[in-house]
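Everything below belongs to input11.cif, which stores mmCIF, C-alpha atoms.
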data_query
loop_
_atom_site.label_atom_id
_atom_site.label_comp_id
_atom_site.auth_asym_id
_atom_site.auth_seq_id
_atom_site.Cartn_x
_atom_site.Cartn_y
_atom_site.Cartn_z
CA MET A 1 0.00 0.00 0.00
CA ARG A 2 1.17 3.50 -0.83
CA ALA A 3 0.12 6.77 0.73
CA TYR A 4 0.47 10.27 -0.68
CA THR A 5 -0.17 13.54 1.18
CA GLU A 6 -0.40 17.06 -0.19
CA TYR A 7 -1.54 20.35 1.30
CA LEU A 8 -3.09 23.07 -0.87
CA THR A 9 -3.35 26.64 0.43
CA PHE A 10 -6.04 29.16 -0.49
CA ASN A 11 -6.29 32.83 0.40
CA THR A 12 -9.42 34.26 -1.19
CA PRO A 13 -9.86 38.02 -1.61
CA GLU A 14 -13.60 37.63 -0.75
CA ARG A 15 -15.00 36.22 2.45
CA THR A 16 -17.20 33.82 0.46
CA ALA A 17 -15.83 31.97 -2.58
CA PHE A 18 -16.13 28.71 -4.50
CA ILE A 19 -12.96 27.53 -6.24
CA ASN A 20 -12.79 24.56 -8.62
CA ILE A 21 -9.80 22.50 -7.39
CA THR A 22 -10.32 19.42 -9.56
CA GLU A 23 -7.13 20.03 -11.53
CA GLN A 24 -5.02 20.36 -8.38
CA VAL A 25 -6.38 17.06 -7.08
CA ASN A 26 -5.74 15.45 -10.48
CA GLN A 27 -2.13 16.58 -10.28
CA ALA A 28 -1.73 15.23 -6.75
CA LEU A 29 -3.06 11.90 -7.98
CA PHE A 30 -0.62 11.91 -10.89
CA LYS A 31 2.30 12.60 -8.50
CA SER A 32 1.16 9.78 -6.20
CA SER A 33 1.42 7.16 -9.00
CA ILE A 34 -1.51 5.38 -7.33
CA LYS A 35 -3.72 3.48 -9.79
CA GLU A 36 -6.39 1.92 -7.55
CA GLY A 37 -7.49 3.34 -4.22
CA LEU A 38 -9.27 6.15 -2.42
CA CYS A 39 -8.64 9.88 -2.40
CA LEU A 40 -9.73 12.05 0.53
CA VAL A 41 -9.96 15.82 0.04
CA ASN A 42 -10.91 17.84 3.12
CA ALA A 43 -10.94 21.40 4.38
CA MET A 44 -8.55 21.73 7.34
CA HIS A 45 -10.43 24.79 8.64
CA ILE A 46 -13.87 24.69 10.19
CA THR A 47 -15.38 27.61 8.28
CA ALA A 48 -14.52 26.11 4.89
CA SER A 49 -15.79 23.19 2.87
CA VAL A 50 -14.82 20.73 0.18
CA PHE A 51 -17.71 19.47 -1.94
CA ILE A 52 -18.55 18.03 -5.34
CA ASN A 53 -21.04 19.64 -7.66
CA ASP A 54 -21.37 21.30 -11.06
CA GLU A 55 -19.00 23.89 -12.60
CA GLU A 56 -21.77 26.36 -13.47
CA GLU A 57 -21.81 30.03 -12.49
CA GLY A 58 -25.55 30.33 -11.87
CA LEU A 59 -25.49 27.37 -9.51
CA LYS A 60 -22.68 28.92 -7.47
CA GLU A 61 -24.85 32.02 -7.00
CA ASP A 62 -27.79 29.81 -6.04
CA PHE A 63 -25.65 28.13 -3.38
CA LYS A 64 -24.56 31.50 -1.94
CA LEU A 65 -28.11 32.89 -1.74
CA TRP A 66 -29.47 29.65 -0.30
CA LEU A 67 -26.78 29.38 2.36
CA GLU A 68 -27.34 33.02 3.30
CA LYS A 69 -31.00 32.19 3.86
CA LEU A 70 -30.24 29.04 5.90
CA ALA A 71 -27.56 30.73 8.05
CA PRO A 72 -27.59 34.52 7.64
CA HIS A 73 -24.36 36.39 8.30
CA GLY A 74 -26.21 38.98 10.36
CA ALA A 75 -28.21 36.67 12.66
CA ARG A 76 -27.31 36.38 16.36
CA TYR A 77 -24.77 33.65 17.11
CA GLN A 78 -23.47 32.86 20.59
CA HIS A 79 -20.18 31.91 18.95
CA ASN A 80 -19.72 35.57 18.03
CA ALA A 81 -19.54 36.46 21.73
CA THR A 82 -15.94 35.13 21.53
CA GLY A 83 -15.10 38.20 19.41
CA GLU A 84 -15.49 36.32 16.11
CA ASP A 85 -18.11 37.25 13.55
CA ASN A 86 -18.06 33.96 11.67
CA GLY A 87 -20.78 31.98 13.46
CA HIS A 88 -22.69 31.84 10.18
CA ALA A 89 -19.65 30.37 8.39
CA HIS A 90 -19.50 27.34 10.72
CA LEU A 91 -23.13 26.55 9.87
CA LYS A 92 -22.72 27.12 6.13
CA ARG A 93 -19.74 24.80 6.01
CA THR A 94 -21.81 22.17 7.82
CA VAL A 95 -24.47 22.27 5.07
CA MET A 96 -21.87 21.99 2.30
CA GLY A 97 -19.72 19.36 4.05
CA ARG A 98 -16.08 19.16 5.16
CA GLU A 99 -14.75 16.49 2.83
CA VAL A 100 -15.18 14.29 -0.19
CA MET A 101 -13.97 10.78 -0.93
CA VAL A 102 -13.24 9.96 -4.55
CA ALA A 103 -12.50 6.52 -5.95
CA VAL A 104 -9.25 6.12 -7.89
CA THR A 105 -9.68 3.68 -10.79
CA LYS A 106 -7.04 2.98 -13.47
CA GLY A 107 -5.04 5.98 -12.30
CA LYS A 108 -7.89 8.50 -12.57
CA LEU A 109 -10.44 10.14 -10.29
CA ASP A 110 -13.46 7.96 -11.05
CA PHE A 111 -15.97 10.72 -11.76
CA GLY A 112 -19.39 10.98 -13.36
CA PRO A 113 -19.81 13.35 -16.33
CA TRP A 114 -20.35 16.59 -14.35
CA GLU A 115 -18.54 16.00 -11.09
CA ALA A 116 -16.01 18.66 -10.07
CA ILE A 117 -14.36 19.27 -6.68
CA PHE A 118 -14.81 22.68 -5.09
CA TYR A 119 -13.21 24.47 -2.21
CA GLY A 120 -15.95 26.46 -0.45
CA GLU A 121 -14.78 29.41 1.61
CA PHE A 122 -17.13 31.16 4.03
CA ASP A 123 -14.65 33.24 6.04
CA GLY A 124 -11.76 34.00 3.73
CA GLN A 125 -9.18 36.74 3.36
CA ARG A 126 -6.50 34.67 5.09
CA PRO A 127 -4.49 31.56 4.13
CA LYS A 128 -6.31 28.29 4.77
CA ARG A 129 -5.37 24.72 3.88
CA VAL A 130 -6.93 21.75 2.13
CA LEU A 131 -5.59 18.22 2.60
CA VAL A 132 -5.33 15.66 -0.19
CA LYS A 133 -4.62 12.13 1.03
CA ILE A 134 -4.49 9.22 -1.39
CA ILE A 135 -4.01 5.58 -0.43
CA GLY A 136 -3.86 2.56 -2.66
CA GLU A 137 -1.53 0.81 -5.05
CA MET B 1 -4.23 -4.52 -0.92
CA ARG B 2 -7.14 -5.35 -3.20
CA ALA B 3 -9.53 -2.99 -4.92
CA TYR B 4 -12.96 -3.73 -6.34
CA THR B 5 -15.08 -1.41 -8.49
CA GLU B 6 -18.70 -1.74 -9.51
CA TYR B 7 -21.16 0.64 -11.17
CA LEU B 8 -24.89 0.43 -10.45
CA THR B 9 -27.38 2.14 -12.78
CA PHE B 10 -30.75 3.55 -11.77
CA ASN B 11 -33.51 4.97 -13.94
CA THR B 12 -36.41 5.98 -11.74
CA PRO B 13 -39.89 6.56 -13.20
CA GLU B 14 -40.40 9.50 -10.77
CA ARG B 15 -38.23 12.59 -10.58
CA THR B 16 -37.81 12.10 -6.81
CA ALA B 17 -37.18 8.64 -5.35
CA PHE B 18 -35.40 6.85 -2.51
CA ILE B 19 -34.17 3.33 -3.28
CA ASN B 20 -32.70 0.97 -0.71
CA ILE B 21 -29.48 -0.33 -2.31
CA THR B 22 -28.02 -2.15 0.71
CA GLU B 23 -28.40 -5.57 -0.90
CA GLN B 24 -26.59 -4.47 -4.08
CA VAL B 25 -23.69 -3.15 -2.02
CA ASN B 26 -23.64 -6.37 0.01
CA GLN B 27 -23.34 -8.33 -3.22
CA ALA B 28 -20.52 -6.13 -4.48
CA LEU B 29 -18.70 -6.75 -1.20
CA PHE B 30 -19.22 -10.49 -1.54
CA LYS B 31 -17.81 -10.43 -5.09
CA SER B 32 -14.80 -8.42 -3.92
CA SER B 33 -13.76 -11.12 -1.38
CA ILE B 34 -12.47 -8.28 0.82
CA LYS B 35 -12.70 -9.04 4.55
CA GLU B 36 -11.23 -5.90 6.17
CA GLY B 37 -11.29 -2.47 4.59
CA LEU B 38 -13.42 0.47 3.52
CA CYS B 39 -16.34 0.69 1.10
CA LEU B 40 -17.20 3.94 -0.67
CA VAL B 41 -20.63 4.31 -2.27
CA ASN B 42 -21.26 7.56 -4.14
CA ALA B 43 -23.67 9.11 -6.59
CA MET B 44 -21.87 9.88 -9.87
CA HIS B 45 -24.45 12.54 -10.76
CA ILE B 46 -24.79 15.88 -9.03
CA THR B 47 -28.55 15.87 -8.59
CA ALA B 48 -28.53 12.52 -6.78
CA SER B 49 -27.41 11.34 -3.38
CA VAL B 50 -26.23 8.29 -1.49
CA PHE B 51 -27.04 8.32 2.22
CA ILE B 52 -27.62 6.05 5.20
CA ASN B 53 -30.80 6.13 7.23
CA ASP B 54 -33.80 4.05 8.22
CA GLU B 55 -35.89 1.78 5.95
CA GLU B 56 -39.24 3.28 7.02
CA GLU B 57 -41.88 4.62 4.64
CA GLY B 58 -43.05 7.53 6.80
CA LEU B 59 -39.51 8.79 7.17
CA LYS B 60 -39.00 8.78 3.41
CA GLU B 61 -42.08 11.00 3.08
CA ASP B 62 -40.73 13.26 5.85
CA PHE B 63 -37.46 13.64 3.96
CA LYS B 64 -39.30 14.57 0.74
CA LEU B 65 -41.51 17.21 2.39
CA TRP B 66 -38.60 18.63 4.38
CA LEU B 67 -36.33 18.91 1.34
CA GLU B 68 -39.12 20.54 -0.62
CA LYS B 69 -39.34 23.16 2.12
CA LEU B 70 -35.57 23.72 2.25
CA ALA B 71 -35.16 23.90 -1.54
CA PRO B 72 -38.53 24.22 -3.31
CA HIS B 73 -38.78 22.97 -6.88
CA GLY B 74 -40.60 26.13 -7.93
CA ALA B 75 -38.28 28.76 -6.42
CA ARG B 76 -36.12 30.93 -8.67
CA TYR B 77 -32.69 29.46 -9.39
CA GLN B 78 -30.06 31.13 -11.57
CA HIS B 79 -28.95 27.65 -12.59
CA ASN B 80 -32.26 27.24 -14.39
CA ALA B 81 -31.29 30.08 -16.76
CA THR B 82 -29.12 27.43 -18.50
CA GLY B 83 -32.34 25.78 -19.67
CA GLU B 84 -32.39 23.24 -16.83
CA ASP B 85 -35.15 23.14 -14.26
CA ASN B 86 -33.21 21.16 -11.67
CA GLY B 87 -31.62 23.92 -9.55
CA HIS B 88 -33.57 22.61 -6.56
CA ALA B 89 -32.18 19.11 -7.09
CA HIS B 90 -28.56 20.28 -6.71
CA LEU B 91 -29.45 21.81 -3.34
CA LYS B 92 -31.46 18.82 -2.13
CA ARG B 93 -28.62 16.45 -2.95
CA THR B 94 -26.29 18.72 -0.99
CA VAL B 95 -28.43 18.35 2.14
CA MET B 96 -28.60 14.56 1.79
CA GLY B 97 -24.94 14.09 0.82
CA ARG B 98 -23.11 12.61 -2.17
CA GLU B 99 -21.48 9.57 -0.59
CA VAL B 100 -21.12 7.21 2.32
CA MET B 101 -18.13 5.32 3.66
CA VAL B 102 -18.82 2.00 5.31
CA ALA B 103 -16.34 -0.08 7.28
CA VAL B 104 -15.84 -3.67 6.14
CA THR B 105 -15.21 -5.98 9.11
CA LYS B 106 -14.97 -9.79 8.92
CA GLY B 107 -16.31 -9.71 5.37
CA LYS B 108 -19.44 -7.70 6.18
CA LEU B 109 -20.64 -4.09 6.01
CA ASP B 110 -20.11 -3.09 9.65
CA PHE B 111 -23.54 -1.59 10.32
CA GLY B 112 -25.56 -0.60 13.35
CA PRO B 113 -29.01 -2.20 13.82
CA TRP B 114 -31.00 0.15 11.55
CA GLU B 115 -28.48 1.38 9.01
CA ALA B 116 -29.44 0.97 5.35
CA ILE B 117 -27.92 2.57 2.26
CA PHE B 118 -30.21 4.61 0.02
CA TYR B 119 -29.91 6.06 -3.43
CA GLY B 120 -31.65 9.43 -3.40
CA GLU B 121 -32.83 10.73 -6.76
CA PHE B 122 -33.97 14.33 -7.19
CA ASP B 123 -34.01 14.61 -10.98
CA GLY B 124 -34.75 11.14 -12.30
CA GLN B 125 -36.38 9.65 -15.38
CA ARG B 126 -33.02 8.94 -17.02
CA PRO B 127 -30.20 6.44 -16.34
CA LYS B 128 -27.76 7.55 -13.64
CA ARG B 129 -24.88 5.72 -12.01
CA VAL B 130 -23.67 4.93 -8.50
CA LEU B 131 -20.09 3.86 -7.83
CA VAL B 132 -19.12 1.18 -5.32
CA LYS B 133 -15.39 1.08 -4.55
CA ILE B 134 -14.00 -1.29 -1.95
CA ILE B 135 -10.38 -1.44 -0.86
CA GLY B 136 -8.80 -3.71 1.72
CA GLU B 137 -7.65 -7.28 2.13
CA MET C 1 -2.19 -3.29 4.86
CA ARG C 2 -3.46 -3.29 8.43
CA ALA C 3 -6.99 -2.70 9.69
CA TYR C 4 -8.08 -1.72 13.18
CA THR C 5 -11.68 -1.63 14.47
CA GLU C 6 -13.01 -0.16 17.69
CA TYR C 7 -16.52 0.54 18.96
CA LEU C 8 -17.22 3.41 21.35
CA THR C 9 -20.49 3.51 23.32
CA PHE C 10 -22.29 6.65 24.47
CA ASN C 11 -25.33 6.98 26.71
CA THR C 12 -26.11 10.66 27.15
CA PRO C 13 -28.36 11.85 30.01
CA GLU C 14 -29.90 14.46 27.64
CA ARG C 15 -31.72 13.72 24.40
CA THR C 16 -29.49 16.22 22.55
CA ALA C 17 -25.75 16.39 23.24
CA PHE C 18 -22.42 17.12 21.56
CA ILE C 19 -19.43 15.20 22.91
CA ASN C 20 -15.84 15.82 21.89
CA ILE C 21 -14.43 12.37 21.08
CA THR C 22 -11.10 13.43 19.55
CA GLU C 23 -9.09 11.90 22.37
CA GLN C 24 -10.83 8.54 22.07
CA VAL C 25 -10.10 8.47 18.34
CA ASN C 26 -6.47 9.45 19.02
CA GLN C 27 -6.18 6.51 21.38
CA ALA C 28 -7.69 4.12 18.86
CA LEU C 29 -5.12 5.34 16.33
CA PHE C 30 -2.30 4.82 18.82
CA LYS C 31 -3.48 1.26 19.51
CA SER C 32 -3.67 0.55 15.77
CA SER C 33 0.04 1.37 15.24
CA ILE C 34 -0.94 2.65 11.79
CA LYS C 35 1.27 5.49 10.54
CA GLU C 36 -0.15 6.28 7.09
CA GLY C 37 -3.75 5.69 6.09
CA LEU C 38 -7.37 6.70 6.56
CA CYS C 39 -9.55 6.76 9.65
CA LEU C 40 -13.34 6.49 9.41
CA VAL C 41 -15.45 7.52 12.40
CA ASN C 42 -19.21 7.02 12.02
CA ALA C 43 -22.36 6.94 14.08
CA MET C 44 -23.90 3.45 13.98
CA HIS C 45 -27.35 4.84 14.83
CA ILE C 46 -29.47 6.89 12.50
CA THR C 47 -30.46 9.61 14.94
CA ALA C 48 -26.86 10.43 15.81
CA SER C 49 -23.99 12.10 14.00
CA VAL C 50 -20.22 12.30 13.87
CA PHE C 51 -18.87 15.62 12.64
CA ILE C 52 -15.84 17.88 12.81
CA ASN C 53 -16.02 21.44 14.04
CA ASP C 54 -14.77 23.78 16.78
CA GLU C 55 -14.58 23.01 20.52
CA GLU C 56 -16.43 26.18 21.57
CA GLU C 57 -19.46 26.27 23.86
CA GLY C 58 -21.29 29.12 22.13
CA LEU C 59 -21.05 27.36 18.78
CA LYS C 60 -22.56 24.19 20.24
CA GLU C 61 -25.55 26.24 21.39
CA ASP C 62 -25.76 27.84 17.95
CA PHE C 63 -25.89 24.39 16.35
CA LYS C 64 -28.67 23.26 18.68
CA LEU C 65 -30.85 26.34 18.07
CA TRP C 66 -30.24 26.21 14.33
CA LEU C 67 -31.09 22.52 14.03
CA GLU C 68 -34.23 23.07 16.10
CA LYS C 69 -35.27 25.72 13.56
CA LEU C 70 -34.45 23.50 10.54
CA ALA C 71 -36.18 20.41 11.97
CA PRO C 72 -38.30 21.25 15.02
CA HIS C 73 -38.92 18.51 17.58
CA GLY C 74 -42.62 19.37 17.70
CA ALA C 75 -43.40 19.48 13.96
CA ARG C 76 -45.52 16.74 12.36
CA TYR C 77 -43.50 13.78 11.08
CA GLN C 78 -45.03 10.75 9.41
CA HIS C 79 -42.22 8.70 10.95
CA ASN C 80 -43.75 9.38 14.36
CA ALA C 81 -46.86 7.42 13.32
CA THR C 82 -44.72 4.31 14.02
CA GLY C 83 -44.90 5.20 17.72
CA GLU C 84 -41.52 6.98 17.71
CA ASP C 85 -41.18 10.68 18.48
CA ASN C 86 -37.75 11.08 16.92
CA GLY C 87 -38.60 12.11 13.34
CA HIS C 88 -36.82 15.40 13.96
CA ALA C 89 -33.67 13.56 15.06
CA HIS C 90 -33.32 11.73 11.72
CA LEU C 91 -33.39 15.08 9.92
CA LYS C 92 -31.00 16.80 12.34
CA ARG C 93 -28.47 14.01 11.95
CA THR C 94 -28.75 14.35 8.19
CA VAL C 95 -27.73 18.03 8.39
CA MET C 96 -24.77 17.28 10.67
CA GLY C 97 -23.64 14.14 8.79
CA ARG C 98 -23.16 10.49 9.72
CA GLU C 99 -19.39 10.17 9.42
CA VAL C 100 -15.99 11.77 9.01
CA MET C 101 -12.86 10.58 7.25
CA VAL C 102 -9.57 11.74 8.70
CA ALA C 103 -6.16 11.31 7.10
CA VAL C 104 -3.51 9.55 9.17
CA THR C 105 -0.06 11.04 8.52
CA LYS C 106 3.12 10.14 10.44
CA GLY C 107 1.04 8.31 13.04
CA LYS C 108 -1.28 11.23 13.80
CA LEU C 109 -4.75 12.45 12.83
CA ASP C 110 -3.81 15.03 10.19
CA PHE C 111 -5.85 17.94 11.51
CA GLY C 112 -5.98 21.68 10.96
CA PRO C 113 -5.55 23.96 13.98
CA TRP C 114 -9.16 23.88 15.26
CA GLU C 115 -10.49 20.57 14.04
CA ALA C 116 -12.08 18.35 16.68
CA ILE C 117 -14.33 15.28 16.25
CA PHE C 118 -17.76 15.37 17.88
CA TYR C 119 -20.40 12.80 18.57
CA GLY C 120 -23.77 14.48 18.00
CA GLU C 121 -26.72 12.89 19.77
CA PHE C 122 -30.29 13.86 18.88
CA ASP C 123 -32.23 11.07 20.60
CA GLY C 124 -30.15 9.99 23.56
CA GLN C 125 -30.80 8.45 26.97
CA ARG C 126 -29.85 4.98 25.75
CA PRO C 127 -26.56 3.31 24.75
CA LYS C 128 -25.51 3.99 21.16
CA ARG C 129 -22.33 3.08 19.32
CA VAL C 130 -19.73 4.83 17.20
CA LEU C 131 -17.38 2.91 14.91
CA VAL C 132 -13.71 3.75 14.43
CA LYS C 133 -12.10 1.94 11.49
CA ILE C 134 -8.51 2.64 10.51
CA ILE C 135 -6.74 1.14 7.52
CA GLY C 136 -3.19 1.73 6.35
CA GLU C 137 0.34 0.76 7.24
#

With the file now loaded, output its structure as C-alpha cells.
Amino acid sequence: MRAYTEYLTFNTPERTAFINITEQVNQALFKSSIKEGLCLVNAMHITASVFINDEEEGLKEDFKLWLEKLAPHGARYQHNATGEDNGHAHLKRTVMGREVMVAVTKGKLDFGPWEAIFYGEFDGQRPKRVLVKIIGE
Amino acid sequence: MRAYTEYLTFNTPERTAFINITEQVNQALFKSSIKEGLCLVNAMHITASVFINDEEEGLKEDFKLWLEKLAPHGARYQHNATGEDNGHAHLKRTVMGREVMVAVTKGKLDFGPWEAIFYGEFDGQRPKRVLVKIIGE
Amino acid sequence: MRAYTEYLTFNTPERTAFINITEQVNQALFKSSIKEGLCLVNAMHITASVFINDEEEGLKEDFKLWLEKLAPHGARYQHNATGEDNGHAHLKRTVMGREVMVAVTKGKLDFGPWEAIFYGEFDGQRPKRVLVKIIGE
C-alpha cells in the first residue's frame, strides 16, 4: 500500500468563494502514481468546505443565496460572543460538508460526467489549507 | 491490498425517489472477497445522493416534504437560466450528501441495527450511475 | 495493509448532546500502530452524528438552536406514526452528517488547527455506538 499527502493553500480576496480545485487534485493523484485506491480531500479549517457539484456560475450564486437564507451572516450567534463574527460560516460549512472521498480507478479520479471538486470558503481573506490524502496501489 | 469497483445504474420513473441499495452493495462486497477495509458508495451525478438512514416509509415522506421546504422545486434558481429546471435538485442532494463510507469488518458491512444505504434521486427519469469502490484485504 | 476496528459507546443523560471524542479516536489510532492511512469515524445509529467542528461552547448552542429551527422537535412527522417521536432527530443528523474521514499522517490524525471530532446525539438516553475503522500501514 502507498500513501500520498499534499496540502493546498487558499487565500481568497472575498469572504465567500467557491474555487474549482479538480485540476489540483488530479495533479496530486498523478504525482502519487496510485492506480487503484481512495482519495480524501478535506478542508482543514472549520469555516470552509470541500464538496462536489457542477461547474456552473448560476449554480454557485444559487448556493450562496441559499446558504445566506439558511444561516444569515447577520443573525445572532453565541459563537460571536468570543469576538469572532463567523458563526454563520460554521453553519454554512456544515451544510456543504467538510470532505469528499473519490474513488481512484485505473489511475484516474473515477468521476461521473459533471462532477467537479470545489473548495468552499465562508470566512476568507486569510491563508487556509486543504488536505489531499491518497491511499492505494 | 485489493480494490474492487462496480457501477450500479438507476432509472427511476419519478423525478424524486429513494431506493434501498443495501443488498446491491452487500453483493458487491461479496464479489470483492475483501474481509477488512473500507467501502465507498457515491452518486456519480450531481442531482442525486447516497445516504444512510432508516428503511421506514413515513420517514421517506418526511425527507421529501422537508427537502421541498428547504429547496422548493418552484423557487427561482439562476442555474435554471441554462435551460435546466433542476436547480432545486442540486441543493437537495447537498443536504442529503453525495457519498457514504462503510467499514468492512470480517467480510461484512459493519452496520448498526437500523443502518441501510439509500440512493436518493432528485431529478430522475433517465439512467444515472452509482459507484461502489471497496479497498482492503 | 493493516486494519483496526473499535466501537465506542455513548449513553447521554440528555436527548441532545455534543461530545468531543477526539481523544478517544487518538487513542484508537495509537493502539492501531498505523502510521499512514485513513480513519473512518461514524455513528452506527441513524439519529446520531459524527462531525468535525470547533470546541467552543457558544457554537454548540448555535448548532442546537439552528437545528431546532431547521427540523423542530414538535413538527408533524409521518415517521412518528410508528410510535416513535424522533422524526426530527433523523433530519438533524442528516444536516450534521453520519461520518468523518480523517487522514492519518506520520502516526497522527492530520488535523488543521481547530479541528475536533464530535459525537452528535439527537435522541439519547440509551446506549448507542460509534465505529472507528482505521486502515493503512

* Asked: So what does the PyMOL selection byres ((chain B and resi 91-105) around 7) actually pick up in this one, as a VMD selection string?
  -> (chain A and resid 95 to 96) or (chain B and resid 35 to 43 47 to 51 67 71 87 to 90 106 to 110) or (chain C and resid 94 to 95 133)

* Do you know which residues the PyMOL selection byres ((chain C) within 7 of (chain B)) returns on this file, as a PyMOL selection string? -> chain C and resi 1+3+44-46+77-79+94-95+133+135

* Asked: What is the distance, in Å and to one decimal place, between atom CA of C:Asn26 and atom CA of C:Tyr4?
  -> 12.7 Å

Just so the selection is clear, what residues does the PyMOL selection byres ((chain A and resi 21) around 6) cover here, as an mmCIF file with C-alpha atoms, keeping the file's coordinate frame?
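Saved file selection11.cif follows:
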data_model
loop_
_atom_site.group_PDB
_atom_site.id
_atom_site.type_symbol
_atom_site.label_atom_id
_atom_site.label_comp_id
_atom_site.auth_asym_id
_atom_site.auth_seq_id
_atom_site.Cartn_x
_atom_site.Cartn_y
_atom_site.Cartn_z
ATOM 1 C CA ASN A 20 -12.790 24.560 -8.620
ATOM 2 C CA THR A 22 -10.320 19.420 -9.560
ATOM 3 C CA GLU A 23 -7.130 20.030 -11.530
ATOM 4 C CA GLN A 24 -5.020 20.360 -8.380
ATOM 5 C CA ILE A 117 -14.360 19.270 -6.680
ATOM 6 C CA PHE A 118 -14.810 22.680 -5.090
#

* Structure fact -> Here atom CA of A:Gly124 and atom CA of A:Phe18 stand apart by 10.7 Å

Please return the centre and edge lengths, in Å to one decimal, of a box with edges along x, y and z that contains all listed atoms of stretch 98-116 of chain A, widened by 4 Å on every side, as AutoDock Vina command-line options.
--center_x -12.7 --center_y 11.1 --center_z -5.6 --size_x 23.3 --size_y 24.2 --size_z 29.5

* Just how far from atom CA of A:Leu131 is atom CA of A:Asn11, in Å to one decimal? ->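 Atom CA of A:Asn11 sits 14.8 Å away from atom CA of A:Leu131.
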
Please provide as a PDB file with C-alpha atoms, in the frame of the given file all residues within 10 Å of A:Gln125, with the sequence filter that same-chain residues fewer than 6 positions apart are discarded (counting all atoms listed in the file).
ATOM      1  CA  PHE A  10      -6.040  29.160  -0.490  1.00  0.00           C
ATOM      2  CA  ASN A  11      -6.290  32.830   0.400  1.00  0.00           C
ATOM      3  CA  THR A  12      -9.420  34.260  -1.190  1.00  0.00           C
ATOM      4  CA  PRO A  13      -9.860  38.020  -1.610  1.00  0.00           C
ATOM      5  CA  GLU A  14     -13.600  37.630  -0.750  1.00  0.00           C
ATOM      6  CA  ARG A  15     -15.000  36.220   2.450  1.00  0.00           C
ATOM      7  CA  THR A  16     -17.200  33.820   0.460  1.00  0.00           C
TER       8      THR A  16
END
